[in-house]
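Colleague: My structure is stored as run-v9.cif, with mmCIF, C-alpha atoms and all ligand atoms.
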data_input
#
loop_
_atom_site.label_atom_id
_atom_site.label_comp_id
_atom_site.auth_asym_id
_atom_site.auth_seq_id
_atom_site.Cartn_x
_atom_site.Cartn_y
_atom_site.Cartn_z
CA MET A 1 130.30 123.40 190.76
CA THR A 2 132.87 120.78 191.71
CA GLN A 3 130.28 118.90 193.70
CA ALA A 4 127.88 119.00 190.76
CA ILE A 5 130.48 117.52 188.47
CA ARG A 6 131.29 114.80 190.97
CA ASN A 7 127.61 114.03 191.31
CA THR A 8 127.17 113.68 187.57
CA GLN A 9 130.19 111.42 187.19
CA GLN A 10 129.00 109.24 189.99
CA GLU A 11 125.69 108.75 188.25
CA THR A 12 127.30 107.81 184.98
CA ASN A 13 128.41 104.60 186.59
CA MET A 14 124.97 103.75 187.87
CA ASN A 15 123.08 100.86 186.46
CA LEU A 16 119.98 101.95 184.53
CA HIS A 17 117.79 99.36 186.24
CA ASN A 18 118.90 100.40 189.66
CA THR A 19 117.09 103.72 189.77
CA SER A 20 116.15 103.50 193.44
CA HIS A 21 119.75 104.16 194.48
CA ILE A 22 120.33 107.35 192.53
CA PRO A 23 121.54 110.04 194.91
CA ASP A 24 119.68 113.32 195.11
CA GLU A 25 121.11 115.70 192.58
CA LEU A 26 122.42 118.98 193.89
CA VAL A 27 121.88 120.67 190.55
CA PRO A 28 118.34 120.40 189.23
CA SER A 29 117.99 118.43 186.01
CA ARG A 30 114.45 119.41 185.06
CA TYR A 31 112.39 122.54 184.75
CA ALA A 32 108.66 122.60 184.08
CA LEU A 33 106.44 125.33 182.71
CA LYS A 34 103.02 125.74 181.11
CA ILE A 35 102.26 127.06 177.69
CA GLY A 36 98.54 127.77 177.97
CA GLU A 37 97.03 124.38 178.77
CA ILE A 38 100.07 122.37 177.67
CA ASP A 39 102.68 121.02 180.10
CA VAL A 40 106.28 121.42 179.00
CA MET A 41 109.32 120.10 180.84
CA VAL A 42 112.95 120.58 179.89
CA VAL A 43 115.10 117.68 181.09
CA SER A 44 118.89 117.72 180.98
CA ASP A 45 120.69 114.71 179.56
CA GLY A 46 123.95 116.10 180.96
CA VAL A 47 126.73 117.90 179.11
CA LEU A 48 129.06 117.16 176.20
CA LEU A 49 132.72 118.18 176.38
CA LEU A 50 133.30 119.50 172.85
CA PRO A 51 135.89 121.73 171.19
CA GLY A 52 135.00 125.44 171.17
CA ALA A 53 136.20 125.60 167.55
CA MET A 54 133.13 123.58 166.57
CA LEU A 55 130.95 126.57 167.49
CA ALA A 56 132.38 128.57 164.61
CA HIS A 57 134.59 126.73 162.16
CA ASN A 58 134.27 129.47 159.56
CA ALA A 59 135.31 132.23 161.99
CA GLU A 60 138.82 133.70 162.18
CA PRO A 61 140.58 131.74 164.96
CA ALA A 62 141.51 134.98 166.74
CA VAL A 63 137.93 136.28 166.57
CA ARG A 64 136.59 132.99 167.84
CA ALA A 65 139.14 132.90 170.67
CA ALA A 66 138.14 136.43 171.64
CA TRP A 67 134.47 135.45 171.73
CA LEU A 68 135.20 132.48 173.99
CA LYS A 69 137.26 134.68 176.30
CA GLU A 70 134.55 137.35 176.46
CA ASN A 71 132.09 134.64 177.43
CA PHE A 72 134.35 133.27 180.17
CA LEU A 73 134.78 129.98 178.30
CA PRO A 74 138.08 128.07 178.07
CA PRO A 75 139.94 128.37 174.76
CA ASP A 76 139.90 124.68 173.82
CA ALA A 77 136.88 122.67 174.95
CA PHE A 78 133.89 123.30 177.17
CA ASP A 79 130.72 121.56 178.33
CA TRP A 80 127.82 121.98 175.92
CA ALA A 81 124.43 121.43 177.48
CA LEU A 82 122.22 118.65 176.14
CA ASN A 83 118.51 119.21 176.72
CA VAL A 84 115.43 117.21 175.79
CA VAL A 85 111.81 118.25 176.20
CA VAL A 86 108.68 116.42 177.38
CA VAL A 87 105.29 117.80 176.33
CA ARG A 88 101.86 116.70 177.56
CA SER A 89 98.84 117.61 175.47
CA GLY A 90 95.51 115.98 174.58
CA GLY A 91 96.23 112.88 176.66
CA ARG A 92 99.54 112.24 174.92
CA THR A 93 103.01 112.28 176.48
CA ILE A 94 105.58 113.35 173.92
CA LEU A 95 109.32 113.03 174.33
CA ILE A 96 111.22 115.35 172.01
CA ASP A 97 114.68 113.85 171.42
CA ALA A 98 116.26 111.25 173.66
CA GLY A 99 119.76 112.39 174.58
CA MET A 100 123.10 110.67 174.10
CA GLY A 101 122.62 107.30 175.73
CA ALA A 102 125.82 105.28 175.80
CA GLU A 103 126.75 105.77 172.16
CA PHE A 104 130.04 107.61 172.64
CA PRO A 105 131.76 106.55 175.86
CA ASP A 106 134.23 109.48 175.72
CA LEU A 107 131.33 111.87 176.34
CA GLU A 108 130.81 110.47 179.79
CA LYS A 109 128.88 113.37 181.32
CA ALA A 110 125.82 112.82 179.14
CA GLY A 111 123.29 110.01 178.82
CA HIS A 112 121.18 110.73 181.90
CA VAL A 113 117.81 111.40 180.39
CA ILE A 114 116.17 108.03 181.01
CA HIS A 115 116.72 107.97 184.76
CA ARG A 116 116.02 111.68 185.02
CA LEU A 117 112.66 111.18 183.32
CA GLU A 118 111.87 108.53 185.90
CA ALA A 119 113.03 110.83 188.69
CA ALA A 120 110.57 113.39 187.28
CA GLY A 121 107.75 110.83 187.56
CA ILE A 122 107.61 110.07 183.86
CA ASP A 123 107.39 106.32 183.32
CA LEU A 124 108.81 105.22 179.98
CA ALA A 125 105.63 103.20 179.41
CA SER A 126 103.58 106.41 179.57
CA VAL A 127 105.38 107.96 176.60
CA THR A 128 103.00 107.77 173.62
CA ASP A 129 105.13 109.64 171.08
CA VAL A 130 108.74 110.52 170.41
CA VAL A 131 109.57 113.41 168.11
CA LEU A 132 113.10 113.59 166.70
CA THR A 133 114.55 116.94 165.68
CA HIS A 134 117.13 114.89 163.77
CA MET A 135 119.04 111.64 164.02
CA HIS A 136 122.45 112.66 165.39
CA MET A 137 123.50 110.33 168.20
CA ASP A 138 123.04 112.93 170.95
CA HIS A 139 119.34 113.06 170.00
CA VAL A 140 118.50 109.36 169.54
CA GLY A 141 121.06 107.56 171.74
CA GLY A 142 118.82 107.39 174.82
CA LEU A 143 116.47 105.03 173.02
CA LEU A 144 119.35 102.66 172.29
CA ILE A 145 120.36 102.13 175.93
CA ASP A 146 120.08 98.46 176.90
CA GLY A 147 116.63 97.65 178.22
CA VAL A 148 114.91 100.89 177.14
CA LYS A 149 113.12 99.54 174.07
CA GLU A 150 111.56 96.77 176.13
CA ARG A 151 110.08 99.29 178.54
CA LEU A 152 108.53 101.49 175.84
CA ARG A 153 104.98 100.86 174.63
CA PRO A 154 104.66 98.60 171.62
CA ASP A 155 102.41 101.21 169.98
CA LEU A 156 104.92 104.06 170.50
CA GLN A 157 105.05 106.39 167.51
CA ILE A 158 108.34 108.04 166.55
CA HIS A 159 107.83 111.10 164.39
CA VAL A 160 110.71 112.14 162.16
CA ALA A 161 110.99 113.92 158.81
CA ALA A 162 111.08 111.56 155.84
CA ALA A 163 114.07 113.54 154.55
CA GLU A 164 115.99 112.69 157.73
CA VAL A 165 115.51 108.95 157.42
CA LYS A 166 116.46 109.16 153.75
CA PHE A 167 119.59 111.24 154.51
CA TRP A 168 121.03 108.60 156.83
CA GLU A 169 120.87 105.94 154.14
CA ALA A 170 123.93 107.63 152.58
CA PRO A 171 124.86 110.66 154.73
CA ASP A 172 127.09 113.42 153.35
CA PHE A 173 129.77 114.59 155.80
CA SER A 174 131.71 116.77 153.34
CA ARG A 175 130.73 120.10 154.96
CA VAL A 176 130.98 119.25 158.67
CA SER A 177 133.92 119.96 161.00
CA MET A 178 133.96 117.32 163.72
CA PRO A 179 136.62 115.70 165.91
CA PRO A 180 137.97 112.34 164.66
CA GLY A 181 135.66 109.43 165.34
CA PHE A 182 132.44 111.45 165.23
CA PRO A 183 131.30 110.83 161.64
CA ASP A 184 131.67 107.08 162.05
CA ALA A 185 129.87 107.06 165.38
CA LEU A 186 127.05 109.21 163.97
CA ARG A 187 126.63 106.95 160.92
CA LYS A 188 126.65 103.82 163.03
CA THR A 189 124.17 105.12 165.60
CA ALA A 190 121.67 106.42 163.02
CA LYS A 191 121.81 103.11 161.18
CA ARG A 192 121.28 101.12 164.35
CA PHE A 193 118.43 103.40 165.40
CA VAL A 194 116.51 102.88 162.14
CA LYS A 195 117.08 99.14 162.37
CA GLU A 196 115.80 98.95 165.97
CA TYR A 197 112.80 101.25 165.56
CA ARG A 198 111.79 100.93 161.91
CA ASN A 199 108.28 99.71 162.79
CA GLN A 200 107.64 102.67 165.09
CA LEU A 201 108.75 105.38 162.63
CA ARG A 202 106.00 107.74 161.43
CA THR A 203 107.53 110.00 158.81
CA PHE A 204 106.20 113.37 157.68
CA GLU A 205 107.14 115.61 154.77
CA ASP A 206 107.00 119.24 155.97
CA GLU A 207 104.80 119.47 159.03
CA HIS A 208 102.85 117.23 161.37
CA GLU A 209 100.55 117.92 164.35
CA VAL A 210 101.58 115.33 166.94
CA ALA A 211 98.95 116.40 169.50
CA PRO A 212 96.68 119.43 169.93
CA GLY A 213 98.94 122.50 169.75
CA VAL A 214 102.15 120.49 169.22
CA VAL A 215 103.45 120.81 165.67
CA VAL A 216 106.75 119.54 164.30
CA ARG A 217 108.04 121.34 161.23
CA ARG A 218 110.95 120.44 159.01
CA THR A 219 113.58 123.16 158.61
CA GLY A 220 116.57 121.32 157.12
CA GLY A 221 119.99 122.98 157.39
CA HIS A 222 121.66 121.23 160.31
CA THR A 223 120.65 117.97 158.62
CA PRO A 224 118.28 117.74 155.63
CA GLY A 225 115.45 116.51 157.85
CA HIS A 226 116.17 118.69 160.87
CA SER A 227 112.91 119.84 162.45
CA VAL A 228 111.70 122.17 165.18
CA VAL A 229 108.67 121.75 167.42
CA ARG A 230 106.27 124.58 168.24
CA VAL A 231 103.96 124.28 171.21
CA ALA A 232 101.06 126.74 171.23
CA SER A 233 98.07 127.13 173.53
CA GLY A 234 96.01 129.97 175.03
CA GLY A 235 97.84 132.65 173.07
CA GLU A 236 101.28 131.49 174.27
CA GLY A 237 103.96 129.78 172.25
CA LEU A 238 107.31 128.04 172.65
CA THR A 239 109.62 126.62 170.01
CA PHE A 240 112.08 123.82 170.68
CA ALA A 241 114.72 124.65 168.09
CA GLY A 242 116.83 121.49 168.36
CA ASP A 243 120.27 122.21 166.87
CA LEU A 244 119.26 125.23 164.84
CA VAL A 245 120.56 127.64 167.50
CA PHE A 246 123.64 127.37 169.72
CA THR A 247 124.86 129.73 172.44
CA VAL A 248 126.92 131.69 169.95
CA GLY A 249 124.13 131.89 167.36
CA PHE A 250 122.54 135.08 168.68
CA GLU A 251 125.60 137.27 168.35
CA HIS A 252 126.89 135.38 165.33
CA PRO A 253 124.11 133.62 163.46
CA GLU A 254 126.50 133.49 160.49
CA TRP A 255 129.02 131.24 162.23
CA PHE A 256 129.04 127.61 161.05
CA ASN A 257 128.60 124.92 163.67
CA GLY A 258 130.79 121.88 163.09
CA PHE A 259 127.81 119.52 163.19
CA GLU A 260 125.94 121.29 160.40
CA HIS A 261 125.75 119.23 157.23
CA ASP A 262 124.62 122.25 155.17
CA PRO A 263 126.04 125.25 157.04
CA GLU A 264 124.86 127.99 154.65
CA GLU A 265 121.30 126.70 154.84
CA ALA A 266 121.59 126.38 158.63
CA VAL A 267 122.64 130.06 158.85
CA ARG A 268 119.70 131.09 156.70
CA ILE A 269 117.15 129.14 158.75
CA ARG A 270 118.68 130.11 162.09
CA THR A 271 118.45 133.78 161.17
CA ALA A 272 114.86 133.38 159.97
CA LEU A 273 113.78 131.59 163.15
CA LEU A 274 115.47 134.14 165.44
CA ARG A 275 113.85 136.96 163.49
CA GLU A 276 110.45 135.26 163.79
CA LEU A 277 110.82 134.73 167.56
CA ALA A 278 112.05 138.28 168.08
CA ALA A 279 108.94 139.52 166.26
CA ASN A 280 106.33 137.31 167.95
CA GLY A 281 107.86 137.31 171.44
CA GLU A 282 107.42 133.56 171.90
CA LEU A 283 109.78 131.44 173.97
CA LEU A 284 112.77 129.53 172.67
CA VAL A 285 114.37 126.34 174.00
CA ALA A 286 117.35 124.76 172.26
CA THR A 287 119.19 121.48 172.72
CA HIS A 288 122.69 122.79 173.36
CA MET A 289 122.06 126.04 175.18
CA PRO A 290 122.72 126.21 178.93
CA PHE A 291 119.98 124.43 180.90
CA PRO A 292 117.08 125.08 181.07
CA SER A 293 117.67 127.26 178.02
CA ILE A 294 114.27 128.94 178.14
CA GLY A 295 114.15 132.54 177.05
CA HIS A 296 113.22 135.19 174.56
CA VAL A 297 115.00 136.50 171.51
CA ALA A 298 115.64 140.20 171.06
CA VAL A 299 117.06 142.04 168.08
CA ALA A 300 120.49 143.60 168.79
CA GLY A 301 121.77 145.67 165.89
CA LYS A 302 122.31 143.33 162.96
CA ALA A 303 122.22 140.26 165.21
CA PHE A 304 120.27 139.04 168.24
CA ARG A 305 120.40 138.72 171.99
CA PHE A 306 119.13 135.87 174.18
CA VAL A 307 117.14 136.99 177.22
CA PRO A 308 116.82 134.10 179.71
CA ALA A 309 113.37 133.67 181.22
CA ILE A 310 113.18 134.28 184.95
CA TRP A 311 112.65 130.95 186.72
CA ASP A 312 109.24 130.57 188.26
CA TYR A 313 109.43 127.94 190.99
ZN ZN A 401 122.93 117.92 168.90
#
Rewrite the structure of this file - the entire thing - as structure tokens.
Modeller:
Amino acid sequence: MTQAIRNTQQETNMNLHNTSHIPDELVPSRYALKIGEIDVMVVSDGVLLLPGAMLAHNAEPAVRAAWLKENFLPPDAFDWALNVVVVRSGGRTILIDAGMGAEFPDLEKAGHVIHRLEAAGIDLASVTDVVLTHMHMDHVGGLLIDGVKERLRPDLQIHVAAAEVKFWEAPDFSRVSMPPGFPDALRKTAKRFVKEYRNQLRTFEDEHEVAPGVVVRRTGGHTPGHSVVRVASGGEGLTFAGDLVFTVGFEHPEWFNGFEHDPEEAVRIRTALLRELAANGELLVATHMPFPSIGHVAVAGKAFRFVPAIWDY
């Protein structure tokens, strides 16, 4: 554990262009699987040290503290995973979300996705499409790292819900519960992202098939344009839920996450998605669940239970 942390910190200081000198990582940062004919890879961008209170800002502090204790988590802040997904289907290479980049220097253990993609043999120039679950900085920041835009294809398409782009023109932060500095950083990053990539944006209203068997669908809730991506082939299915589900969301789908701009709606959609996945038995991957975050959803009384998939390697 200590060695892993040291390893990650060491990498943070590495120059992006100097990928040949990246030390071997002791903890794996990618996990690949197949959904029918479609290749799926979960890649870790690192972790975000965030307050535990943000997992449940509408919960009684004592109840929340008890939950953290029962889950062997420290009472104040802990490392939230940050996962992105790469999907290959129909000759297209699709990057779903782009990690933190260098947008918030205090979160120094994230921002690794670009060099980890390269370490996984995925050249930035081979990426044909980016799908954004939403435009929070931990999902778009990777594309704003110095030098990245120049290495992406000029015909790259970035798929995002029209409602998401519209939201960030005048975002409402009245219902969130974030540490100081976050709302400003989120506003600034989303604005910069749209400015940098306006010509690449391909907006959709409710649903869009990015490649055969790869469909992005707007859910709203977390942000008005928040979307999930379902990959389906050969009778198998996997949904990348973005920020609709957090570690705590199975036992307590009704708890408000501090990043949710419309928490009641987020609870409603989270519950509906978990119910759907429990019924159809398809796989779930989520941005902030422990890497590689692949598993099934089971019903447990009035709530749910996450059942991690057994690694096949
Ligand atoms: Zn997020």
Colleague: Show me the residues around (110.2, 131.8, 171.1) - criterion: an atom at most 9 Å away, all atoms listed in the file counted - as a PyMOL selection string.
Modeller: chain A and resi 230+237-241+273-274+276-278+280-285+294-297
Colleague: Step by step, measure atom-to-atom distances between ligand ZN 401 (chain A) and each residue using all atoms listed in the file, keep those at most 8 Å, then write them as a PyMOL selection string.
Modeller: chain A and resi 82+136-139+242-243+259+287-288
Colleague: My list of candidates is A:Gly181, A:Phe250, A:Asp312, A:Thr271. Which is closest to Asp106 in chain A when distances are computed with only C-alpha atoms?
Modeller: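 Answer, going by the shortest atom-to-atom distance: A:Gly181.
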Colleague: For the atom pair CA of Arg218 in chain A and CA of Val231 in chain A, what is the interatomic distance in Å to one decimal place?
Modeller: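 Computing the Euclidean distance for CA of Arg218 in chain A and CA of Val231 in chain A yields 14.6 Å.
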Colleague: Applying 8 Å and all atoms listed in the file, which residues near range 182-197 of chain A remain after dropping the ones on its own chain fewer than 6 positions away? List them as a PDB file with C-alpha atoms, in the coordinates of the input.
Modeller:
ATOM      1  CA  GLU A 103     126.750 105.770 172.160  1.00  0.00           C
ATOM      2  CA  PHE A 104     130.040 107.610 172.640  1.00  0.00           C
ATOM      3  CA  MET A 135     119.040 111.640 164.020  1.00  0.00           C
ATOM      4  CA  HIS A 136     122.450 112.660 165.390  1.00  0.00           C
ATOM      5  CA  MET A 137     123.500 110.330 168.200  1.00  0.00           C
ATOM      6  CA  VAL A 140     118.500 109.360 169.540  1.00  0.00           C
ATOM      7  CA  GLY A 141     121.060 107.560 171.740  1.00  0.00           C
ATOM      8  CA  LEU A 144     119.350 102.660 172.290  1.00  0.00           C
ATOM      9  CA  VAL A 165     115.510 108.950 157.420  1.00  0.00           C
ATOM     10  CA  TRP A 168     121.030 108.600 156.830  1.00  0.00           C
ATOM     11  CA  GLU A 169     120.870 105.940 154.140  1.00  0.00           C
ATOM     12  CA  PRO A 171     124.860 110.660 154.730  1.00  0.00           C
ATOM     13  CA  PHE A 173     129.770 114.590 155.800  1.00  0.00           C
TER      14      PHE A 173
END
Colleague: Using all atoms listed in the file, determine which residues lie at most 7 Å from Leu55 in chain A, disregarding the query and same-chain residues fewer than 2 positions distant; provide the list as a PyMOL selection string.
Modeller: chain A and resi 52-53+57+248+256-258
